[in-house]
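Novice: Once you've had a glance at the structure underneath, I'll fire off some questions.
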Amino acid sequence: MIDLHLHTTASDGRSTPADLVREAQAAGITTMAVTDHDTTAAWEAVSAEAAARGIACVPGIEITAVEDGRDVHVLGYFFGARRAPDLEAFLDDQRADRRRRLVEIIRRLSAIGVAIDVAALEARQPPGRALGRPLVAAALVEAGYVASIAEAFDRYLSPGRPGFVPRRGASGADVIERIARAGGVASLAHPGKLGDEAVVQRLVAAGLPAIEVHHPDHTPADTARYRALATRADLGVTGGSDYHGPGSGREDGLGRTRLPEADFERLRALAAAPRPT
Ligand code: AMP
Ligand code: ZN
Ligand code: FE
Ligand code: FE
């Protein structure tokens, strides 16, 4: 079973790299990619554990871009073993902006009387970790303001809610190009969650090489629509569970959402083919 969308504690996942590999293997996965948000910090630990367990591992990433004020997640795969300095510098900036955003979210919440402790939150974060809203959501649950992560997003953290801070950042086309320059293959993550087909079309026109067809949040209609788009536009197809670990609310897909073998082989071929620059 192939799963090319998995998170660890290097971003907002709840499984350490070693736990993730163990959990993936228990779920029947034989080929996996770790795709943390805006960080490659888990690459070595995941690939070492995967090698020890006889699991194939592809280094990956999930980068947040911005289109029309909306977050667009772009996956990247098949980077070489060596990190690309330009991409790493870009990811450093992305993580610095995540930190800025989190501080601003906490400031806005405190202005409406919802107090959570930033210092305690930050003190627990190892270097290289990509901070995200799930961290604030967990703190809101812990402090008793809400009963669940989902409620934290619904009441405070989603667009239009009092704690929402719009992101700044690179465009989708810029991120796609950065991934290509670093030797990777970019894929638009969960296009069905975007709710904006114009953005999908724009990125395809900008040279998007692949698209995530298989994702737990995709309806059967989404899956069919993006499969058809991939065929029509000659795009690679990716897929995975977007697993965020036990208790994350995002664990259902593990062992269920998988990428067909033929799509994986095609993606690998795309990665090996010389790309026009
Ligand atoms: P951020 O990286 O700060 O933009 O936070 C986005 C992450 O929060 C996503 O990758 C999900 O893991 C999580 N997330 C977003 N919306 C929700 C939601 N409604 N309920 C639970 N988790 C969510
Ligand atoms: Zn996430
Ligand atoms: Fe995502
Ligand atoms: Fe993800």
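If you're wondering about the labels, chains in the structure tokens are A, B, ... by order shown, residues count from 1 in each chain, ligands from 1 in order shown.
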Name each residue within 9 Å of ligand 1, counting only C-alpha atoms and all ligand atoms, as a ChimeraX atom specification.

Specialist: /A:7,11-13,37-38,64,71,73,98,101-102,130-137,148-154,157-158,167,242-244,248-250

Novice: List the neighbours of Pro191 in chain A out to 9 Å using only C-alpha atoms; skip same-chain residues closer than 5 positions along the sequence, and give me the result as a tab-separated table (two decimals) with N, CA and C atoms, in the first residue's frame.

Specialist:
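Result file out23.tsv:
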chain	number	residue	atom	x	y	z
A	72	VAL	N	-3.14	27.64	-0.18
A	72	VAL	CA	-3.07	26.57	-1.17
A	72	VAL	C	-1.91	25.68	-0.78
A	73	HIS	N	-2.18	24.40	-0.53
A	73	HIS	CA	-1.12	23.48	-0.12
A	73	HIS	C	-0.51	22.80	-1.33
A	196	ASP	N	-12.15	26.12	-5.21
A	196	ASP	CA	-11.94	27.17	-6.20
A	196	ASP	C	-11.26	26.57	-7.43
A	197	GLU	N	-12.08	26.20	-8.39
A	197	GLU	CA	-11.54	25.55	-9.59
A	197	GLU	C	-10.68	26.50	-10.42
A	200	VAL	N	-7.19	26.04	-9.37
A	200	VAL	CA	-6.66	24.78	-9.91
A	200	VAL	C	-6.24	24.99	-11.37
A	211	ILE	N	-1.14	16.22	-9.43
A	211	ILE	CA	-2.27	16.65	-8.60
A	211	ILE	C	-2.68	15.52	-7.66
A	212	GLU	N	-3.09	15.89	-6.43
A	212	GLU	CA	-3.50	14.87	-5.46
A	212	GLU	C	-4.96	14.49	-5.73
A	213	VAL	N	-5.13	13.30	-6.25
A	213	VAL	CA	-6.47	12.81	-6.60
A	213	VAL	C	-7.08	12.07	-5.40
A	218	HIS	N	-11.80	13.98	-0.04
A	218	HIS	CA	-12.39	14.05	-1.38
A	218	HIS	C	-13.63	13.17	-1.45
A	222	ASP	N	-15.20	14.28	-6.42
A	222	ASP	CA	-13.90	14.99	-6.47
A	222	ASP	C	-12.85	14.09	-7.11
A	226	TYR	N	-10.86	15.04	-10.56
A	226	TYR	CA	-9.42	15.33	-10.65
A	226	TYR	C	-8.66	14.24	-11.39

Novice: Between A:Thr231, A:Leu87, A:Arg53, A:Val165, which is the closest to Asp19 in chain A once you count only C-alpha atoms?

Specialist: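 Closest candidate: A:Arg53.
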
Novice: From the set A:Thr223, A:Thr31, A:Thr39, A:Thr238, which residue has the shortest atom-to-atom contact distance to ligand 2, counting only C-alpha atoms and all ligand atoms?

Specialist: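 Smallest separation from ligand 2 among the options: A:Thr39.
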
Novice: Give as a short mmCIF file (atom, residue, chain, number, x, y, z; two decimals) with all heavy atoms, in the first residue's frame the residues surrounding ligand 3 up to a distance of 7 Å, considering only C-alpha atoms and all ligand atoms.

Specialist:
data_model
loop_
_atom_site.label_atom_id
_atom_site.label_comp_id
_atom_site.auth_asym_id
_atom_site.auth_seq_id
_atom_site.Cartn_x
_atom_site.Cartn_y
_atom_site.Cartn_z
N GLU A 62 4.98 19.59 2.35
CA GLU A 62 3.70 20.23 2.00
C GLU A 62 3.87 21.71 2.30
O GLU A 62 3.95 22.11 3.47
CB GLU A 62 2.53 19.64 2.80
CG GLU A 62 1.18 20.26 2.42
CD GLU A 62 -0.03 19.58 3.08
OE1 GLU A 62 0.15 18.86 4.09
OE2 GLU A 62 -1.15 19.78 2.57
N HIS A 73 -2.18 24.40 -0.53
CA HIS A 73 -1.12 23.48 -0.12
C HIS A 73 -0.51 22.80 -1.33
O HIS A 73 -1.22 22.19 -2.12
CB HIS A 73 -1.67 22.43 0.86
CG HIS A 73 -2.04 23.01 2.19
ND1 HIS A 73 -2.50 22.26 3.24
CD2 HIS A 73 -1.99 24.29 2.65
CE1 HIS A 73 -2.73 23.05 4.29
NE2 HIS A 73 -2.43 24.29 3.95
N ALA A 189 -2.08 19.74 -3.40
CA ALA A 189 -2.70 18.92 -2.35
C ALA A 189 -4.21 19.13 -2.32
O ALA A 189 -4.70 20.24 -2.56
CB ALA A 189 -2.11 19.29 -0.99
N HIS A 190 -4.93 18.06 -2.01
CA HIS A 190 -6.40 18.07 -1.82
C HIS A 190 -7.12 19.22 -2.53
O HIS A 190 -7.71 20.09 -1.87
CB HIS A 190 -6.74 18.07 -0.32
CG HIS A 190 -5.87 18.97 0.54
ND1 HIS A 190 -5.90 20.34 0.46
CD2 HIS A 190 -4.95 18.68 1.48
CE1 HIS A 190 -5.04 20.85 1.32
NE2 HIS A 190 -4.44 19.85 1.94
#

Novice: Have a look at A:Glu104, A:Glu265, A:Asp3, A:Asp36 and name the one nearest to ligand 2; count only C-alpha atoms and all ligand atoms.

Specialist: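 Result for the nearest residue to ligand 2: A:Asp36.
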
Novice: Just the number, please: distance in Å from CA of Ala119 in chain A to CA of Arg107 in chain A, one decimal.

Specialist: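 These atoms are spaced 12.4 Å apart.
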
Novice: Rounded to one decimal in Å, what is the spacing between CA of Glu49 in chain A and CA of Gly184 in chain A?

Specialist: 22.3 Å

Novice: Can you tell me, as a PyMOL selection string, what residues are no more than 8 Å from Val175 in chain A when counting only C-alpha atoms, ignoring any on the same chain fewer than 3 positions away?

Specialist: chain A and resi 63+65+74+170-172+178-179

Novice: Can you write out the residues you just picked, keeping C-alpha atoms, as a PDB file, in the first residue's frame?

Specialist:
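Now in part_15.pdb:
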ATOM      1  CA  ILE A  63       4.269  23.942   1.396  1.00  0.00           C
ATOM      2  CA  ALA A  65       1.211  29.056  -0.817  1.00  0.00           C
ATOM      3  CA  VAL A  74       1.515  22.279  -2.565  1.00  0.00           C
ATOM      4  CA  ALA A 170       4.419  33.058  -2.058  1.00  0.00           C
ATOM      5  CA  SER A 171       2.025  32.297  -4.902  1.00  0.00           C
ATOM      6  CA  GLY A 172       1.263  28.758  -6.003  1.00  0.00           C
ATOM      7  CA  ARG A 178      10.874  26.433  -6.169  1.00  0.00           C
ATOM      8  CA  ILE A 179      10.090  22.726  -5.787  1.00  0.00           C
TER       9      ILE A 179
END

Novice: Give the answer as one residue: which of A:Gly255, A:Gly245, A:Pro260, A:Pro159 has the shortest atom-to-atom distance to ligand 2, using only C-alpha atoms and all ligand atoms?

Specialist: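 With only C-alpha atoms and all ligand atoms as the atom set, the closest residue is A:Gly245.
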
Novice: Between CA of Arg14 in chain A and CA of Gly128 in chain A, what is the spacing in Å?

Specialist: 15.6 Å

Novice: Counting only C-alpha atoms, which residue out of A:Ile176, A:Ala52, A:Leu259, A:Val199 sits closest to Pro216 in chain A?

Specialist: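 Using only C-alpha atoms, Pro216 in chain A sits closest to A:Leu259.
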